[in-house]
Each structure stands twice: as C-alpha cells, then as structure tokens.
>>> print(open('upload.pdb').read())   # PDB, C-alpha atoms and all ligand atoms
ATOM      1  CA  VAL A   1     146.832 145.145  97.973  1.00  0.00           C
ATOM      2  CA  SER A   2     149.211 147.752  96.664  1.00  0.00           C
ATOM      3  CA  GLU A   3     151.281 150.398  98.325  1.00  0.00           C
ATOM      4  CA  LYS A   4     152.061 153.830  96.917  1.00  0.00           C
ATOM      5  CA  ASN A   5     155.129 155.828  97.845  1.00  0.00           C
ATOM      6  CA  GLU A   6     156.773 158.991  96.640  1.00  0.00           C
ATOM      7  CA  PHE A   7     160.530 159.344  96.348  1.00  0.00           C
ATOM      8  CA  THR A   8     162.734 162.362  95.867  1.00  0.00           C
ATOM      9  CA  ILE A   9     165.066 161.682  92.938  1.00  0.00           C
ATOM     10  CA  THR A  10     168.405 163.415  92.570  1.00  0.00           C
ATOM     11  CA  GLY A  11     170.790 163.565  89.647  1.00  0.00           C
ATOM     12  CA  MET A  12     168.324 163.938  86.757  1.00  0.00           C
ATOM     13  CA  THR A  13     169.354 166.544  84.207  1.00  0.00           C
ATOM     14  CA  CYS A  14     167.356 165.871  81.057  1.00  0.00           C
ATOM     15  CA  ALA A  15     164.013 164.339  80.127  1.00  0.00           C
ATOM     16  CA  ALA A  16     165.704 161.102  79.053  1.00  0.00           C
ATOM     17  CA  CYS A  17     166.840 160.636  82.646  1.00  0.00           C
ATOM     18  CA  SER A  18     163.285 160.551  83.957  1.00  0.00           C
ATOM     19  CA  THR A  19     162.250 158.209  81.148  1.00  0.00           C
ATOM     20  CA  ARG A  20     165.137 155.860  81.969  1.00  0.00           C
ATOM     21  CA  ILE A  21     164.139 155.701  85.625  1.00  0.00           C
ATOM     22  CA  GLU A  22     160.477 155.251  84.758  1.00  0.00           C
ATOM     23  CA  LYS A  23     161.239 152.338  82.418  1.00  0.00           C
ATOM     24  CA  GLY A  24     163.687 150.779  84.862  1.00  0.00           C
ATOM     25  CA  LEU A  25     161.179 150.875  87.684  1.00  0.00           C
ATOM     26  CA  ASN A  26     158.272 149.656  85.579  1.00  0.00           C
ATOM     27  CA  ARG A  27     160.361 146.620  84.623  1.00  0.00           C
ATOM     28  CA  LEU A  28     160.879 145.615  88.249  1.00  0.00           C
ATOM     29  CA  GLU A  29     158.922 142.607  89.426  1.00  0.00           C
ATOM     30  CA  GLY A  30     156.226 143.848  91.803  1.00  0.00           C
ATOM     31  CA  VAL A  31     155.995 147.391  90.445  1.00  0.00           C
ATOM     32  CA  GLU A  32     152.487 148.146  89.215  1.00  0.00           C
ATOM     33  CA  ASN A  33     153.070 151.688  88.034  1.00  0.00           C
ATOM     34  CA  ALA A  34     155.929 154.128  88.226  1.00  0.00           C
ATOM     35  CA  SER A  35     155.949 157.708  87.001  1.00  0.00           C
ATOM     36  CA  VAL A  36     158.778 160.183  87.294  1.00  0.00           C
ATOM     37  CA  ASN A  37     158.414 163.949  87.196  1.00  0.00           C
ATOM     38  CA  LEU A  38     161.642 165.625  86.118  1.00  0.00           C
ATOM     39  CA  ALA A  39     160.741 169.168  87.188  1.00  0.00           C
ATOM     40  CA  LEU A  40     159.508 168.107  90.608  1.00  0.00           C
ATOM     41  CA  GLU A  41     162.362 165.580  91.067  1.00  0.00           C
ATOM     42  CA  ARG A  42     159.788 163.082  92.197  1.00  0.00           C
ATOM     43  CA  ALA A  43     158.922 159.472  91.492  1.00  0.00           C
ATOM     44  CA  THR A  44     155.537 158.033  92.346  1.00  0.00           C
ATOM     45  CA  VAL A  45     155.552 154.254  92.563  1.00  0.00           C
ATOM     46  CA  GLU A  46     152.702 151.821  93.128  1.00  0.00           C
ATOM     47  CA  TYR A  47     153.888 148.348  94.000  1.00  0.00           C
ATOM     48  CA  ASN A  48     153.018 145.087  95.658  1.00  0.00           C
ATOM     49  CA  PRO A  49     154.541 145.270  99.165  1.00  0.00           C
ATOM     50  CA  SER A  50     154.763 141.497  99.452  1.00  0.00           C
ATOM     51  CA  VAL A  51     157.178 141.510  96.500  1.00  0.00           C
ATOM     52  CA  LEU A  52     159.133 144.753  96.962  1.00  0.00           C
ATOM     53  CA  THR A  53     160.105 147.220  99.649  1.00  0.00           C
ATOM     54  CA  PRO A  54     160.884 150.938  99.270  1.00  0.00           C
ATOM     55  CA  ALA A  55     164.554 149.976  99.830  1.00  0.00           C
ATOM     56  CA  ASP A  56     164.450 147.763  96.727  1.00  0.00           C
ATOM     57  CA  ILE A  57     162.993 150.630  94.717  1.00  0.00           C
ATOM     58  CA  MET A  58     165.706 153.021  95.905  1.00  0.00           C
ATOM     59  CA  LYS A  59     168.388 150.419  95.160  1.00  0.00           C
ATOM     60  CA  LYS A  60     167.106 150.164  91.594  1.00  0.00           C
ATOM     61  CA  VAL A  61     167.249 153.943  91.155  1.00  0.00           C
ATOM     62  CA  ASP A  62     170.808 153.907  92.543  1.00  0.00           C
ATOM     63  CA  SER A  63     171.803 151.146  90.118  1.00  0.00           C
ATOM     64  CA  LEU A  64     170.614 153.365  87.258  1.00  0.00           C
ATOM     65  CA  GLY A  65     172.962 156.103  88.476  1.00  0.00           C
ATOM     66  CA  TYR A  66     170.584 158.401  90.341  1.00  0.00           C
ATOM     67  CA  GLY A  67     169.728 159.018  93.963  1.00  0.00           C
ATOM     68  CA  ALA A  68     166.430 158.260  95.688  1.00  0.00           C
ATOM     69  CA  GLU A  69     165.018 159.046  99.084  1.00  0.00           C
ATOM     70  CA  LEU A  70     161.670 158.033 100.464  1.00  0.00           C
ATOM     71  CA  LYS A  71     159.341 160.983 101.090  1.00  0.00           C
ATOM     72  CA  GLU A  72     157.443 160.734 104.332  1.00  0.00           C
TER      73      GLU A  72
HETATM   74 MO1  LIG B   1     170.216 163.144  79.428  1.00  0.00          MO
HETATM   75 MO2  LIG B   1     170.215 161.787  81.913  1.00  0.00          MO
HETATM   76  O1  LIG B   1     171.451 163.337  77.949  1.00  0.00           O
HETATM   77  O2  LIG B   1     171.220 160.320  82.657  1.00  0.00           O
HETATM   78  S1  LIG B   1     169.709 160.980  79.968  1.00  0.00           S
HETATM   79  S2  LIG B   1     171.364 163.660  81.267  1.00  0.00           S
END
>>> encode(input="upload.pdb", output="structure tokens", more="lines below")
Ligand code: 9UX
Amino acid sequence: VSEKNEFTITGMTCAACSTRIEKGLNRLEGVENASVNLALERATVEYNPSVLTPADIMKKVDSLGYGAELKE
C-alpha cells in the first residue's frame, strides 16, 4: 500500500533546488517516488506509510534548507 501526498515547497530559486529536493526525498527509506515542480512550488511524493509520515518528509525538506507544508 502506498500513500501519495502533495506538499507546497518554499525557498526554491533555481532548477538545481528542485533537483536537490527530489534527490534528497528519493533517497529516503520508504519513499517510492518523489517529483518536485519548481514553477508550481510543489512536491508530489509517493511513499510507504508504514515507514514514513508526511512529517518525516517535511523534516527532510527542512533539513535541505527549504520549507514544506502538506497540501490538503
Ligand atoms: Mo540554485 Mo537552490 O544556484 O538551493 S540550487 S538557488
């Protein structure tokens, strides 16, 4: 079973930012697929909810130096 959430990402200024976040998230245990859209300031993340929570995903984005909020 996988869960899919969208997050609003703040603090990205160039295309390398979105690539950094994408790579960082895809390296996280439990993340199945992460894609980040720079123009839309949005991350779409598919993950295994028994391994990770949205809070863990947002914490990872924070640790990379950006902001993340869960979109409802
Ligand atoms: Mo671009 Mo983003 O030079 O942290 S990588 S601004």
>>> atom_distance(input="upload.pdb", atom1="CA of Thr53 in chain A", atom2="CA of Met12 in chain A")
22.7 Å
>>> closest_residue(input="upload.pdb", among="A:Ile57, A:Glu32, A:Arg27, A:Asn37", to="Thr13 in chain A", atoms="only C-alpha atoms")
A:Asn37
>>> axis_aligned_box(input="upload.pdb", around="ligand LIG 1 (chain B)", padding_each_side="6 Å", output="JSON")
{"center_x": 170.6, "center_y": 162.0, "center_z": 80.3, "size_x": 13.7, "size_y": 15.3, "size_z": 16.7}
>>> residues_near_ligand(input="upload.pdb", ligand="ligand LIG 1 (chain B)", cutoff="10 Å", atoms="all atoms listed in the file", output="MDAnalysis selection string")
chainID A and resid 11:21 64:66
>>> closest_residue(input="upload.pdb", among="A:Lys4, A:Lys71, A:Lys23, A:Lys59", to="Val36 in chain A", atoms="only C-alpha atoms")
A:Lys23
>>> resolve_selection(input="upload.pdb", expression="the PyMOL selection byres (((chain A and resi 5) around 6) and not hetatm)", output="MDAnalysis selection string")
chainID A and resid 4 6 44:45
>>> closest_residue(input="upload.pdb", among="A:Asn48, A:Leu25, A:Thr8, A:Ser2", to="Val61 in chain A", atoms="only C-alpha atoms")
A:Leu25
>>> closest_residue(input="upload.pdb", among="A:Gly24, A:Glu69, A:Glu3, A:Ala55", to="Glu41 in chain A", atoms="all atoms listed in the file")
A:Glu69
>>> atom_distance(input="upload.pdb", atom1="CA of Leu52 in chain A", atom2="CA of Ala39 in chain A")
26.3 Å
>>> atom_distance(input="upload.pdb", atom1="CA of Val1 in chain A", atom2="CA of Gly67 in chain A")
27.1 Å
>>> residues_near_point(input="upload.pdb", point="(158.5, 153.6, 88.7)", cutoff="6 Å", atoms="all atoms listed in the file", output="PDB file with C-alpha atoms, in the coordinates of the input")
ATOM      1  CA  GLU A  22     160.477 155.251  84.758  1.00  0.00           C
ATOM      2  CA  LEU A  25     161.179 150.875  87.684  1.00  0.00           C
ATOM      3  CA  ASN A  26     158.272 149.656  85.579  1.00  0.00           C
ATOM      4  CA  ASN A  33     153.070 151.688  88.034  1.00  0.00           C
ATOM      5  CA  ALA A  34     155.929 154.128  88.226  1.00  0.00           C
ATOM      6  CA  SER A  35     155.949 157.708  87.001  1.00  0.00           C
ATOM      7  CA  VAL A  45     155.552 154.254  92.563  1.00  0.00           C
TER       8      VAL A  45
END
>>> closest_residue(input="upload.pdb", among="A:Gly30, A:Ala68, A:Lys60, A:Ile9", to="Glu46 in chain A", atoms="all atoms listed in the file")
A:Gly30
>>> build_atoms(input="upload.pdb", residues="range 14-47 of chain A", atoms="N, CA and C atoms", output="compact mmCIF listing (two decimals), keeping the file's coordinate frame")
# COMPACT_ATOMS: atom_id res chain seq x y z
N CYS A 14 168.16 165.67 82.26
CA CYS A 14 167.36 165.87 81.06
C CYS A 14 166.16 164.92 81.08
N ALA A 15 165.25 165.11 80.13
CA ALA A 15 164.01 164.34 80.13
C ALA A 15 164.28 162.85 79.91
N ALA A 16 165.39 162.52 79.26
CA ALA A 16 165.70 161.10 79.05
C ALA A 16 166.03 160.42 80.37
N CYS A 17 166.56 161.19 81.32
CA CYS A 17 166.84 160.64 82.65
C CYS A 17 165.55 160.13 83.28
N SER A 18 164.53 160.95 83.30
CA SER A 18 163.28 160.55 83.96
C SER A 18 162.65 159.37 83.23
N THR A 19 162.77 159.34 81.92
CA THR A 19 162.25 158.21 81.15
C THR A 19 163.01 156.93 81.48
N ARG A 20 164.33 157.03 81.62
CA ARG A 20 165.14 155.86 81.97
C ARG A 20 164.71 155.29 83.31
N ILE A 21 164.52 156.17 84.29
CA ILE A 21 164.14 155.70 85.62
C ILE A 21 162.74 155.08 85.58
N GLU A 22 161.84 155.75 84.89
CA GLU A 22 160.48 155.25 84.76
C GLU A 22 160.46 153.84 84.16
N LYS A 23 161.20 153.66 83.07
CA LYS A 23 161.24 152.34 82.42
C LYS A 23 161.88 151.31 83.32
N GLY A 24 162.98 151.71 83.97
CA GLY A 24 163.69 150.78 84.86
C GLY A 24 162.79 150.32 85.99
N LEU A 25 162.06 151.24 86.56
CA LEU A 25 161.18 150.88 87.68
C LEU A 25 159.99 150.04 87.21
N ASN A 26 159.43 150.40 86.08
CA ASN A 26 158.27 149.66 85.58
C ASN A 26 158.62 148.22 85.19
N ARG A 27 159.92 147.97 84.95
CA ARG A 27 160.36 146.62 84.62
C ARG A 27 160.58 145.76 85.86
N LEU A 28 160.63 146.38 87.01
CA LEU A 28 160.88 145.62 88.25
C LEU A 28 159.67 144.77 88.60
N GLU A 29 159.96 143.51 88.95
CA GLU A 29 158.92 142.61 89.43
C GLU A 29 158.25 143.22 90.66
N GLY A 30 156.95 143.31 90.65
CA GLY A 30 156.23 143.85 91.80
C GLY A 30 155.81 145.30 91.66
N VAL A 31 156.40 146.00 90.68
CA VAL A 31 156.00 147.39 90.44
C VAL A 31 154.76 147.40 89.54
N GLU A 32 153.73 148.07 89.99
CA GLU A 32 152.49 148.15 89.22
C GLU A 32 152.47 149.39 88.33
N ASN A 33 152.96 150.48 88.85
CA ASN A 33 153.07 151.69 88.03
C ASN A 33 154.10 152.63 88.63
N ALA A 34 154.95 153.15 87.77
CA ALA A 34 155.93 154.13 88.23
C ALA A 34 155.89 155.31 87.28
N SER A 35 155.84 156.52 87.84
CA SER A 35 155.95 157.71 87.00
C SER A 35 156.93 158.67 87.65
N VAL A 36 157.72 159.30 86.81
CA VAL A 36 158.78 160.18 87.29
C VAL A 36 158.56 161.57 86.72
N ASN A 37 158.55 162.56 87.61
CA ASN A 37 158.41 163.95 87.20
C ASN A 37 159.77 164.64 87.31
N LEU A 38 160.31 165.02 86.17
CA LEU A 38 161.64 165.62 86.12
C LEU A 38 161.67 166.95 86.88
N ALA A 39 160.73 167.83 86.59
CA ALA A 39 160.74 169.17 87.19
C ALA A 39 160.57 169.12 88.70
N LEU A 40 159.76 168.20 89.16
CA LEU A 40 159.51 168.11 90.61
C LEU A 40 160.50 167.18 91.31
N GLU A 41 161.39 166.54 90.53
CA GLU A 41 162.36 165.58 91.07
C GLU A 41 161.68 164.55 91.95
N ARG A 42 160.60 163.99 91.40
CA ARG A 42 159.79 163.08 92.20
C ARG A 42 159.38 161.85 91.40
N ALA A 43 159.44 160.71 92.08
CA ALA A 43 158.92 159.47 91.49
C ALA A 43 157.74 159.01 92.33
N THR A 44 156.69 158.61 91.67
CA THR A 44 155.54 158.03 92.35
C THR A 44 155.45 156.58 91.91
N VAL A 45 155.47 155.68 92.89
CA VAL A 45 155.55 154.25 92.56
C VAL A 45 154.47 153.48 93.31
N GLU A 46 153.68 152.74 92.55
CA GLU A 46 152.70 151.82 93.13
C GLU A 46 153.26 150.43 92.96
N TYR A 47 153.24 149.67 94.03
CA TYR A 47 153.89 148.35 94.00
C TYR A 47 153.21 147.39 94.96
